[in-house]
file entry.cif (mmCIF, C-alpha atoms, pLDDT in the B column; chains and numbers go by the auth columns)
data_target
#
loop_
_atom_site.group_PDB
_atom_site.id
_atom_site.type_symbol
_atom_site.label_atom_id
_atom_site.label_comp_id
_atom_site.label_asym_id
_atom_site.label_seq_id
_atom_site.Cartn_x
_atom_site.Cartn_y
_atom_site.Cartn_z
_atom_site.B_iso_or_equiv
_atom_site.auth_seq_id
_atom_site.auth_asym_id
ATOM 1 C CA GLN A 1 0.000 0.000 0.000 66.00 3 A
ATOM 2 C CA LEU A 2 1.320 3.394 -0.988 81.00 4 A
ATOM 3 C CA GLN A 3 1.566 5.792 1.934 91.00 5 A
ATOM 4 C CA LEU A 4 2.807 9.344 2.277 94.00 6 A
ATOM 5 C CA VAL A 5 3.404 10.995 5.630 96.00 7 A
ATOM 6 C CA GLU A 6 4.083 14.700 6.039 97.00 8 A
ATOM 7 C CA SER A 7 5.859 16.166 9.049 97.00 9 A
ATOM 8 C CA GLY A 8 7.758 19.251 10.123 98.00 10 A
ATOM 9 C CA GLY A 9 4.935 21.726 10.454 98.00 11 A
ATOM 10 C CA GLY A 10 4.490 24.006 13.419 98.00 12 A
ATOM 11 C CA LEU A 11 4.178 27.564 14.656 98.00 13 A
ATOM 12 C CA VAL A 12 6.793 30.034 13.461 98.00 14 A
ATOM 13 C CA GLN A 13 7.141 33.796 13.520 98.00 15 A
ATOM 14 C CA PRO A 14 7.070 35.825 10.300 98.00 16 A
ATOM 15 C CA GLY A 15 10.461 35.686 8.659 98.00 17 A
ATOM 16 C CA GLY A 16 11.215 32.299 10.149 98.00 18 A
ATOM 17 C CA SER A 17 11.885 28.948 8.510 98.00 19 A
ATOM 18 C CA LEU A 18 10.513 25.427 8.536 98.00 20 A
ATOM 19 C CA ARG A 19 11.447 22.271 6.678 98.00 21 A
ATOM 20 C CA LEU A 20 8.604 19.963 5.768 98.00 22 A
ATOM 21 C CA SER A 21 9.170 16.299 5.015 97.00 23 A
ATOM 22 C CA CYS A 22 7.165 13.950 2.845 96.00 24 A
ATOM 23 C CA ALA A 23 8.128 10.352 3.611 95.00 25 A
ATOM 24 C CA ALA A 24 6.962 7.375 1.594 91.00 26 A
ATOM 25 C CA SER A 25 6.377 3.747 2.389 88.00 27 A
ATOM 26 C CA GLY A 26 5.349 1.030 0.011 86.00 28 A
ATOM 27 C CA PHE A 27 7.017 2.652 -2.991 86.00 29 A
ATOM 28 C CA THR A 28 10.185 4.468 -3.991 89.00 30 A
ATOM 29 C CA LEU A 29 9.737 8.223 -4.195 89.00 31 A
ATOM 30 C CA ASP A 30 12.499 8.620 -6.762 90.00 32 A
ATOM 31 C CA TYR A 31 10.152 7.147 -9.377 92.00 33 A
ATOM 32 C CA TYR A 32 7.366 9.601 -8.625 93.00 34 A
ATOM 33 C CA THR A 33 6.788 13.254 -9.276 94.00 35 A
ATOM 34 C CA ILE A 34 6.031 14.869 -5.925 95.00 36 A
ATOM 35 C CA VAL A 35 3.890 17.936 -5.479 97.00 37 A
ATOM 36 C CA TRP A 36 3.306 20.023 -2.382 98.00 38 A
ATOM 37 C CA PHE A 37 -0.124 21.591 -1.988 98.00 39 A
ATOM 38 C CA ARG A 38 -1.535 23.748 0.770 98.00 40 A
ATOM 39 C CA GLN A 39 -4.996 24.694 1.913 98.00 41 A
ATOM 40 C CA ALA A 40 -5.814 27.583 4.194 96.00 42 A
ATOM 41 C CA PRO A 41 -9.130 27.820 6.077 92.00 43 A
ATOM 42 C CA GLY A 42 -11.896 28.933 3.781 94.00 44 A
ATOM 43 C CA LYS A 43 -9.685 28.817 0.707 96.00 45 A
ATOM 44 C CA GLU A 44 -9.219 26.415 -2.167 96.00 46 A
ATOM 45 C CA ARG A 45 -6.306 24.043 -2.282 95.00 47 A
ATOM 46 C CA GLU A 46 -3.266 25.657 -3.892 96.00 48 A
ATOM 47 C CA GLY A 47 -0.294 24.036 -5.601 97.00 49 A
ATOM 48 C CA VAL A 48 2.987 25.174 -4.082 98.00 50 A
ATOM 49 C CA SER A 49 5.906 23.258 -5.526 98.00 51 A
ATOM 50 C CA CYS A 50 6.811 20.227 -7.600 97.00 52 A
ATOM 51 C CA ILE A 51 9.813 18.023 -8.329 97.00 53 A
ATOM 52 C CA SER A 52 9.775 15.725 -11.345 95.00 54 A
ATOM 53 C CA SER A 53 10.765 12.069 -11.208 92.00 55 A
ATOM 54 C CA SER A 54 12.458 11.966 -14.600 85.00 56 A
ATOM 55 C CA ASP A 55 15.045 14.739 -14.395 90.00 57 A
ATOM 56 C CA GLY A 56 14.565 16.517 -11.066 90.00 58 A
ATOM 57 C CA ASN A 57 12.961 19.513 -12.728 95.00 59 A
ATOM 58 C CA THR A 58 11.298 21.779 -10.160 97.00 60 A
ATOM 59 C CA TYR A 59 8.426 24.223 -10.322 97.00 61 A
ATOM 60 C CA TYR A 60 7.119 26.789 -7.843 98.00 62 A
ATOM 61 C CA THR A 61 4.020 28.891 -7.670 97.00 63 A
ATOM 62 C CA ASP A 62 4.855 32.583 -7.939 97.00 64 A
ATOM 63 C CA SER A 63 4.070 33.434 -4.330 97.00 65 A
ATOM 64 C CA VAL A 64 6.816 31.155 -2.978 98.00 66 A
ATOM 65 C CA LYS A 65 9.559 31.563 -5.604 98.00 67 A
ATOM 66 C CA GLY A 66 12.843 32.516 -4.010 98.00 68 A
ATOM 67 C CA ARG A 67 11.629 31.493 -0.548 98.00 69 A
ATOM 68 C CA PHE A 68 10.787 27.787 -0.820 98.00 70 A
ATOM 69 C CA THR A 69 13.011 24.975 -2.091 98.00 71 A
ATOM 70 C CA ILE A 70 11.908 21.439 -2.890 98.00 72 A
ATOM 71 C CA SER A 71 14.454 18.628 -2.865 96.00 73 A
ATOM 72 C CA ARG A 72 14.853 14.872 -2.585 94.00 74 A
ATOM 73 C CA GLY A 73 16.708 13.182 0.221 90.00 75 A
ATOM 74 C CA ASN A 74 19.657 11.127 -0.963 80.00 76 A
ATOM 75 C CA THR A 75 18.876 7.838 0.725 78.00 77 A
ATOM 76 C CA ASN A 76 15.818 8.076 2.924 82.00 78 A
ATOM 77 C CA ASN A 77 12.886 8.023 0.476 92.00 79 A
ATOM 78 C CA THR A 78 11.834 11.521 1.507 95.00 80 A
ATOM 79 C CA VAL A 79 11.117 14.789 -0.268 96.00 81 A
ATOM 80 C CA TYR A 80 11.657 18.056 1.563 97.00 82 A
ATOM 81 C CA LEU A 81 10.167 21.513 1.304 98.00 83 A
ATOM 82 C CA GLN A 82 12.465 24.104 2.832 98.00 84 A
ATOM 83 C CA MET A 83 10.449 27.212 3.597 98.00 85 A
ATOM 84 C CA ASN A 84 12.283 30.437 4.394 98.00 86 A
ATOM 85 C CA SER A 85 11.127 34.011 4.969 98.00 87 A
ATOM 86 C CA LEU A 86 7.723 32.723 5.967 98.00 88 A
ATOM 87 C CA LYS A 87 4.762 35.069 5.855 98.00 89 A
ATOM 88 C CA PRO A 88 1.391 34.928 7.608 97.00 90 A
ATOM 89 C CA GLU A 89 -0.212 34.152 4.252 97.00 91 A
ATOM 90 C CA ASP A 90 1.774 30.903 4.136 98.00 92 A
ATOM 91 C CA THR A 91 -0.376 29.600 6.993 98.00 93 A
ATOM 92 C CA ALA A 92 -2.143 26.453 5.811 98.00 94 A
ATOM 93 C CA VAL A 93 -2.228 22.694 6.010 98.00 95 A
ATOM 94 C CA TYR A 94 0.462 21.393 3.689 98.00 96 A
ATOM 95 C CA TYR A 95 0.012 18.131 1.817 97.00 97 A
ATOM 96 C CA CYS A 96 2.274 16.126 -0.460 96.00 98 A
ATOM 97 C CA ALA A 97 1.003 14.086 -3.367 95.00 99 A
ATOM 98 C CA ALA A 98 2.695 11.638 -5.734 94.00 100 A
ATOM 99 C CA ASP A 99 2.241 10.494 -9.305 92.00 101 A
ATOM 100 C CA PRO A 100 4.527 8.353 -11.465 91.00 102 A
ATOM 101 C CA HIS A 101 3.749 10.083 -14.767 90.00 103 A
ATOM 102 C CA TYR A 102 3.359 13.821 -14.294 93.00 104 A
ATOM 103 C CA TYR A 103 6.072 16.332 -15.186 94.00 105 A
ATOM 104 C CA CYS A 104 6.428 19.577 -13.283 95.00 106 A
ATOM 105 C CA SER A 105 4.967 22.619 -14.998 93.00 107 A
ATOM 106 C CA ALA A 106 2.264 25.189 -14.395 88.00 108 A
ATOM 107 C CA TYR A 107 -0.289 22.505 -15.240 92.00 109 A
ATOM 108 C CA VAL A 108 0.831 19.871 -12.757 93.00 110 A
ATOM 109 C CA PHE A 109 -1.194 21.440 -9.968 94.00 111 A
ATOM 110 C CA LYS A 110 -4.378 20.549 -11.868 93.00 112 A
ATOM 111 C CA GLY A 111 -3.462 16.868 -12.000 91.00 113 A
ATOM 112 C CA ASP A 112 -5.381 14.008 -10.468 91.00 114 A
ATOM 113 C CA PHE A 113 -3.099 12.544 -7.821 90.00 115 A
ATOM 114 C CA GLY A 114 -3.851 9.130 -6.427 83.00 116 A
ATOM 115 C CA SER A 115 -1.542 9.191 -3.415 86.00 117 A
ATOM 116 C CA TRP A 116 -1.813 11.840 -0.700 89.00 118 A
ATOM 117 C CA GLY A 117 -0.522 12.363 2.808 90.00 119 A
ATOM 118 C CA GLN A 118 -2.604 13.451 5.794 94.00 120 A
ATOM 119 C CA GLY A 119 -1.151 16.954 5.934 97.00 121 A
ATOM 120 C CA THR A 120 0.891 18.992 8.378 98.00 122 A
ATOM 121 C CA GLN A 121 -0.168 22.353 9.814 98.00 123 A
ATOM 122 C CA VAL A 122 2.009 25.396 9.251 98.00 124 A
ATOM 123 C CA THR A 123 1.117 28.526 11.191 98.00 125 A
ATOM 124 C CA VAL A 124 3.018 31.765 10.677 98.00 126 A
ATOM 125 C CA SER A 125 2.149 34.257 13.363 97.00 127 A
ATOM 126 C CA SER A 126 3.748 36.629 15.826 96.00 128 A
#

call {"tool": "encode", "arguments": {"input": "entry.cif", "output": "structure tokens"}}
result
Amino acid sequence: QLQLVESGGGLVQPGGSLRLSCAASGFTLDYYTIVWFRQAPGKEREGVSCISSSDGNTYYTDSVKGRFTISRGNTNNTVYLQMNSLKPEDTAVYYCAADPHYYCSAYVFKGDFGSWGQGTQVTVSS
């Protein structure tokens, strides 16, 4: 059974940093394109970042470019989202999703992902 587990969320002050992890069991993440989404209360789910399985290509939504970095762990079947210079508007539940076929682009956030984690809460507040 394919499982994704997010962790690393928490409460941080504006300008602070967090590193989210998306860990997989039951499959090897290297063979999957991984996408981070987030959903704030009362808002629609928003695509945040993506890393492709084929060539490591990455994509970021405009609001996080230059602040967030997505990467793969070398040996531990985990994908990370390093979030720096956090803003109150980054507050949301963050989810990771996986698909073996998608390639990262502006359209990947509209994809139909079969594997999702349970989410981790990120709160940016003073």

call {"tool": "closest_residue", "arguments": {"input": "entry.cif", "among": "A:Cys52, A:Leu4, A:Val14, A:Ala42", "to": "A:Val110", "atoms": "all atoms listed in the file"}}
result
A:Cys52

call {"tool": "resolve_selection", "arguments": {"input": "entry.cif", "expression": "the PyMOL selection byres ((chain A and resi 83) around 12)", "output": "PyMOL selection string"}}
result
chain A and resi 8-11+19-25+36-40+50-53+60+62+66+69-75+80-82+84-86+96-98+122

call {"tool": "atom_distance", "arguments": {"input": "entry.cif", "atom1": "atom CA of A:Gly49", "atom2": "atom CA of A:Ser117"}}
result
15.1 Å

call {"tool": "atom_distance", "arguments": {"input": "entry.cif", "atom1": "atom CA of A:Ala100", "atom2": "atom CA of A:Leu13"}}
result
25.9 Å

call {"tool": "closest_residue", "arguments": {"input": "entry.cif", "among": "A:Pro16, A:Phe115, A:His103, A:Ala94", "to": "A:Gly44", "atoms": "only C-alpha atoms"}}
result
A:Ala94

call {"tool": "closest_residue", "arguments": {"input": "entry.cif", "among": "A:Gln41, A:Ser107, A:Thr35, A:Thr30", "to": "A:Asn76", "atoms": "all atoms listed in the file"}}
result
A:Thr30

call {"tool": "resolve_selection", "arguments": {"input": "entry.cif", "expression": "the PyMOL selection byres ((chain A and resi 6) around 6)", "output": "JSON, numbers by chain"}}
result
{"A": [5, 7, 25, 26, 119]}

call {"tool": "atom_distance", "arguments": {"input": "entry.cif", "atom1": "atom CA of A:Tyr33", "atom2": "atom CA of A:Asn79"}}
result
10.3 Å

call {"tool": "closest_residue", "arguments": {"input": "entry.cif", "among": "A:Gly68, A:Gly121, A:Gly17, A:Pro43", "to": "A:Ala99", "atoms": "only C-alpha atoms"}}
result
A:Gly121

call {"tool": "axis_aligned_box", "arguments": {"input": "entry.cif", "around": "stretch 90-98 of chain A", "padding_each_side": "5 Å", "output": "AutoDock Vina command-line options"}}
result
--center_x 0.0 --center_y 25.5 --center_z 3.6 --size_x 14.5 --size_y 28.8 --size_z 18.1

call {"tool": "closest_residue", "arguments": {"input": "entry.cif", "among": "A:Asp64, A:Asp32, A:Asp57, A:Asp92", "to": "A:Val124", "atoms": "all atoms listed in the file"}}
result
A:Asp92

call {"tool": "decode", "arguments": {"input": "entry.cif", "residues": "stretch 23-38 of chain A", "atoms": "all heavy atoms", "output": "PDB file, in the first residue's frame"}}
result
ATOM      1  N   SER A  23       8.743  17.567   5.588  1.00  0.00           N
ATOM      2  CA  SER A  23       9.170  16.299   5.015  1.00  0.00           C
ATOM      3  C   SER A  23       7.965  15.531   4.507  1.00  0.00           C
ATOM      4  O   SER A  23       6.895  15.571   5.114  1.00  0.00           O
ATOM      5  CB  SER A  23       9.891  15.446   6.066  1.00  0.00           C
ATOM      6  OG  SER A  23      11.042  16.094   6.547  1.00  0.00           O
ATOM      7  N   CYS A  24       8.175  14.845   3.411  1.00  0.00           N
ATOM      8  CA  CYS A  24       7.165  13.950   2.845  1.00  0.00           C
ATOM      9  C   CYS A  24       7.844  12.593   2.713  1.00  0.00           C
ATOM     10  O   CYS A  24       8.689  12.399   1.824  1.00  0.00           O
ATOM     11  CB  CYS A  24       6.694  14.468   1.500  1.00  0.00           C
ATOM     12  SG  CYS A  24       5.588  13.359   0.594  1.00  0.00           S
ATOM     13  N   ALA A  25       7.499  11.664   3.589  1.00  0.00           N
ATOM     14  CA  ALA A  25       8.128  10.352   3.611  1.00  0.00           C
ATOM     15  C   ALA A  25       7.192   9.313   3.018  1.00  0.00           C
ATOM     16  O   ALA A  25       5.981   9.350   3.250  1.00  0.00           O
ATOM     17  CB  ALA A  25       8.497   9.964   5.035  1.00  0.00           C
ATOM     18  N   ALA A  26       7.767   8.381   2.274  1.00  0.00           N
ATOM     19  CA  ALA A  26       6.962   7.375   1.594  1.00  0.00           C
ATOM     20  C   ALA A  26       7.240   5.990   2.137  1.00  0.00           C
ATOM     21  O   ALA A  26       8.361   5.675   2.547  1.00  0.00           O
ATOM     22  CB  ALA A  26       7.251   7.397   0.101  1.00  0.00           C
ATOM     23  N   SER A  27       6.214   5.180   2.115  1.00  0.00           N
ATOM     24  CA  SER A  27       6.377   3.747   2.389  1.00  0.00           C
ATOM     25  C   SER A  27       5.559   2.984   1.359  1.00  0.00           C
ATOM     26  O   SER A  27       4.515   3.460   0.916  1.00  0.00           O
ATOM     27  CB  SER A  27       5.927   3.400   3.803  1.00  0.00           C
ATOM     28  OG  SER A  27       4.564   3.697   3.984  1.00  0.00           O
ATOM     29  N   GLY A  28       6.055   1.840   0.994  1.00  0.00           N
ATOM     30  CA  GLY A  28       5.349   1.030   0.011  1.00  0.00           C
ATOM     31  C   GLY A  28       5.743   1.317  -1.422  1.00  0.00           C
ATOM     32  O   GLY A  28       5.311   0.604  -2.330  1.00  0.00           O
ATOM     33  N   PHE A  29       6.529   2.357  -1.650  1.00  0.00           N
ATOM     34  CA  PHE A  29       7.017   2.652  -2.991  1.00  0.00           C
ATOM     35  C   PHE A  29       8.241   3.555  -2.887  1.00  0.00           C
ATOM     36  O   PHE A  29       8.502   4.140  -1.836  1.00  0.00           O
ATOM     37  CB  PHE A  29       5.941   3.301  -3.866  1.00  0.00           C
ATOM     38  CG  PHE A  29       5.448   4.647  -3.382  1.00  0.00           C
ATOM     39  CD1 PHE A  29       5.835   5.808  -4.029  1.00  0.00           C
ATOM     40  CD2 PHE A  29       4.596   4.746  -2.291  1.00  0.00           C
ATOM     41  CE1 PHE A  29       5.371   7.042  -3.594  1.00  0.00           C
ATOM     42  CE2 PHE A  29       4.130   5.968  -1.852  1.00  0.00           C
ATOM     43  CZ  PHE A  29       4.519   7.120  -2.502  1.00  0.00           C
ATOM     44  N   THR A  30       8.974   3.661  -3.978  1.00  0.00           N
ATOM     45  CA  THR A  30      10.185   4.468  -3.991  1.00  0.00           C
ATOM     46  C   THR A  30       9.877   5.841  -4.573  1.00  0.00           C
ATOM     47  O   THR A  30       9.480   5.955  -5.730  1.00  0.00           O
ATOM     48  CB  THR A  30      11.266   3.772  -4.828  1.00  0.00           C
ATOM     49  OG1 THR A  30      11.528   2.480  -4.281  1.00  0.00           O
ATOM     50  CG2 THR A  30      12.550   4.592  -4.830  1.00  0.00           C
ATOM     51  N   LEU A  31      10.086   6.864  -3.777  1.00  0.00           N
ATOM     52  CA  LEU A  31       9.737   8.223  -4.195  1.00  0.00           C
ATOM     53  C   LEU A  31      10.519   8.694  -5.409  1.00  0.00           C
ATOM     54  O   LEU A  31      10.043   9.557  -6.147  1.00  0.00           O
ATOM     55  CB  LEU A  31       9.957   9.212  -3.047  1.00  0.00           C
ATOM     56  CG  LEU A  31       8.807   9.424  -2.073  1.00  0.00           C
ATOM     57  CD1 LEU A  31       9.175  10.490  -1.070  1.00  0.00           C
ATOM     58  CD2 LEU A  31       7.535   9.778  -2.806  1.00  0.00           C
ATOM     59  N   ASP A  32      11.686   8.176  -5.624  1.00  0.00           N
ATOM     60  CA  ASP A  32      12.499   8.620  -6.762  1.00  0.00           C
ATOM     61  C   ASP A  32      11.783   8.414  -8.092  1.00  0.00           C
ATOM     62  O   ASP A  32      12.055   9.107  -9.064  1.00  0.00           O
ATOM     63  CB  ASP A  32      13.826   7.873  -6.788  1.00  0.00           C
ATOM     64  CG  ASP A  32      14.786   8.371  -5.724  1.00  0.00           C
ATOM     65  OD1 ASP A  32      14.486   9.415  -5.099  1.00  0.00           O
ATOM     66  OD2 ASP A  32      15.825   7.739  -5.520  1.00  0.00           O
ATOM     67  N   TYR A  33      10.849   7.451  -8.137  1.00  0.00           N
ATOM     68  CA  TYR A  33      10.152   7.147  -9.377  1.00  0.00           C
ATOM     69  C   TYR A  33       8.858   7.937  -9.532  1.00  0.00           C
ATOM     70  O   TYR A  33       8.100   7.705 -10.482  1.00  0.00           O
ATOM     71  CB  TYR A  33       9.852   5.656  -9.453  1.00  0.00           C
ATOM     72  CG  TYR A  33      11.085   4.778  -9.382  1.00  0.00           C
ATOM     73  CD1 TYR A  33      11.103   3.628  -8.599  1.00  0.00           C
ATOM     74  CD2 TYR A  33      12.234   5.107 -10.094  1.00  0.00           C
ATOM     75  CE1 TYR A  33      12.236   2.833  -8.519  1.00  0.00           C
ATOM     76  CE2 TYR A  33      13.365   4.320 -10.024  1.00  0.00           C
ATOM     77  CZ  TYR A  33      13.357   3.178  -9.236  1.00  0.00           C
ATOM     78  OH  TYR A  33      14.474   2.393  -9.162  1.00  0.00           O
ATOM     79  N   TYR A  34       8.609   8.844  -8.615  1.00  0.00           N
ATOM     80  CA  TYR A  34       7.366   9.601  -8.625  1.00  0.00           C
ATOM     81  C   TYR A  34       7.645  11.102  -8.654  1.00  0.00           C
ATOM     82  O   TYR A  34       8.584  11.585  -8.002  1.00  0.00           O
ATOM     83  CB  TYR A  34       6.536   9.284  -7.375  1.00  0.00           C
ATOM     84  CG  TYR A  34       5.858   7.944  -7.421  1.00  0.00           C
ATOM     85  CD1 TYR A  34       6.581   6.769  -7.285  1.00  0.00           C
ATOM     86  CD2 TYR A  34       4.483   7.848  -7.629  1.00  0.00           C
ATOM     87  CE1 TYR A  34       5.956   5.531  -7.353  1.00  0.00           C
ATOM     88  CE2 TYR A  34       3.851   6.617  -7.684  1.00  0.00           C
ATOM     89  CZ  TYR A  34       4.603   5.475  -7.548  1.00  0.00           C
ATOM     90  OH  TYR A  34       3.980   4.254  -7.613  1.00  0.00           O
ATOM     91  N   THR A  35       6.822  11.806  -9.387  1.00  0.00           N
ATOM     92  CA  THR A  35       6.788  13.254  -9.276  1.00  0.00           C
ATOM     93  C   THR A  35       6.034  13.616  -8.007  1.00  0.00           C
ATOM     94  O   THR A  35       4.946  13.067  -7.754  1.00  0.00           O
ATOM     95  CB  THR A  35       6.110  13.872 -10.507  1.00  0.00           C
ATOM     96  OG1 THR A  35       6.989  13.729 -11.631  1.00  0.00           O
ATOM     97  CG2 THR A  35       5.793  15.345 -10.296  1.00  0.00           C
ATOM     98  N   ILE A  36       6.614  14.486  -7.216  1.00  0.00           N
ATOM     99  CA  ILE A  36       6.031  14.869  -5.925  1.00  0.00           C
ATOM    100  C   ILE A  36       5.621  16.331  -5.979  1.00  0.00           C
ATOM    101  O   ILE A  36       6.381  17.190  -6.442  1.00  0.00           O
ATOM    102  CB  ILE A  36       7.043  14.664  -4.785  1.00  0.00           C
ATOM    103  CG1 ILE A  36       7.541  13.222  -4.770  1.00  0.00           C
ATOM    104  CG2 ILE A  36       6.406  15.042  -3.448  1.00  0.00           C
ATOM    105  CD1 ILE A  36       6.457  12.185  -4.582  1.00  0.00           C
ATOM    106  N   VAL A  37       4.435  16.572  -5.503  1.00  0.00           N
ATOM    107  CA  VAL A  37       3.890  17.936  -5.479  1.00  0.00           C
ATOM    108  C   VAL A  37       3.471  18.285  -4.059  1.00  0.00           C
ATOM    109  O   VAL A  37       2.864  17.461  -3.366  1.00  0.00           O
ATOM    110  CB  VAL A  37       2.686  18.077  -6.420  1.00  0.00           C
ATOM    111  CG1 VAL A  37       2.118  19.486  -6.350  1.00  0.00           C
ATOM    112  CG2 VAL A  37       3.091  17.744  -7.856  1.00  0.00           C
ATOM    113  N   TRP A  38       3.805  19.477  -3.649  1.00  0.00           N
ATOM    114  CA  TRP A  38       3.306  20.023  -2.382  1.00  0.00           C
ATOM    115  C   TRP A  38       2.132  20.943  -2.680  1.00  0.00           C
ATOM    116  O   TRP A  38       2.210  21.820  -3.539  1.00  0.00           O
ATOM    117  CB  TRP A  38       4.386  20.803  -1.648  1.00  0.00           C
ATOM    118  CG  TRP A  38       5.395  19.964  -0.949  1.00  0.00           C
ATOM    119  CD1 TRP A  38       6.628  19.596  -1.403  1.00  0.00           C
ATOM    120  CD2 TRP A  38       5.273  19.381   0.359  1.00  0.00           C
ATOM    121  NE1 TRP A  38       7.273  18.825  -0.479  1.00  0.00           N
ATOM    122  CE2 TRP A  38       6.470  18.681   0.622  1.00  0.00           C
ATOM    123  CE3 TRP A  38       4.282  19.399   1.346  1.00  0.00           C
ATOM    124  CZ2 TRP A  38       6.698  17.992   1.820  1.00  0.00           C
ATOM    125  CZ3 TRP A  38       4.499  18.714   2.529  1.00  0.00           C
ATOM    126  CH2 TRP A  38       5.700  18.019   2.764  1.00  0.00           C
TER     127      TRP A  38
END
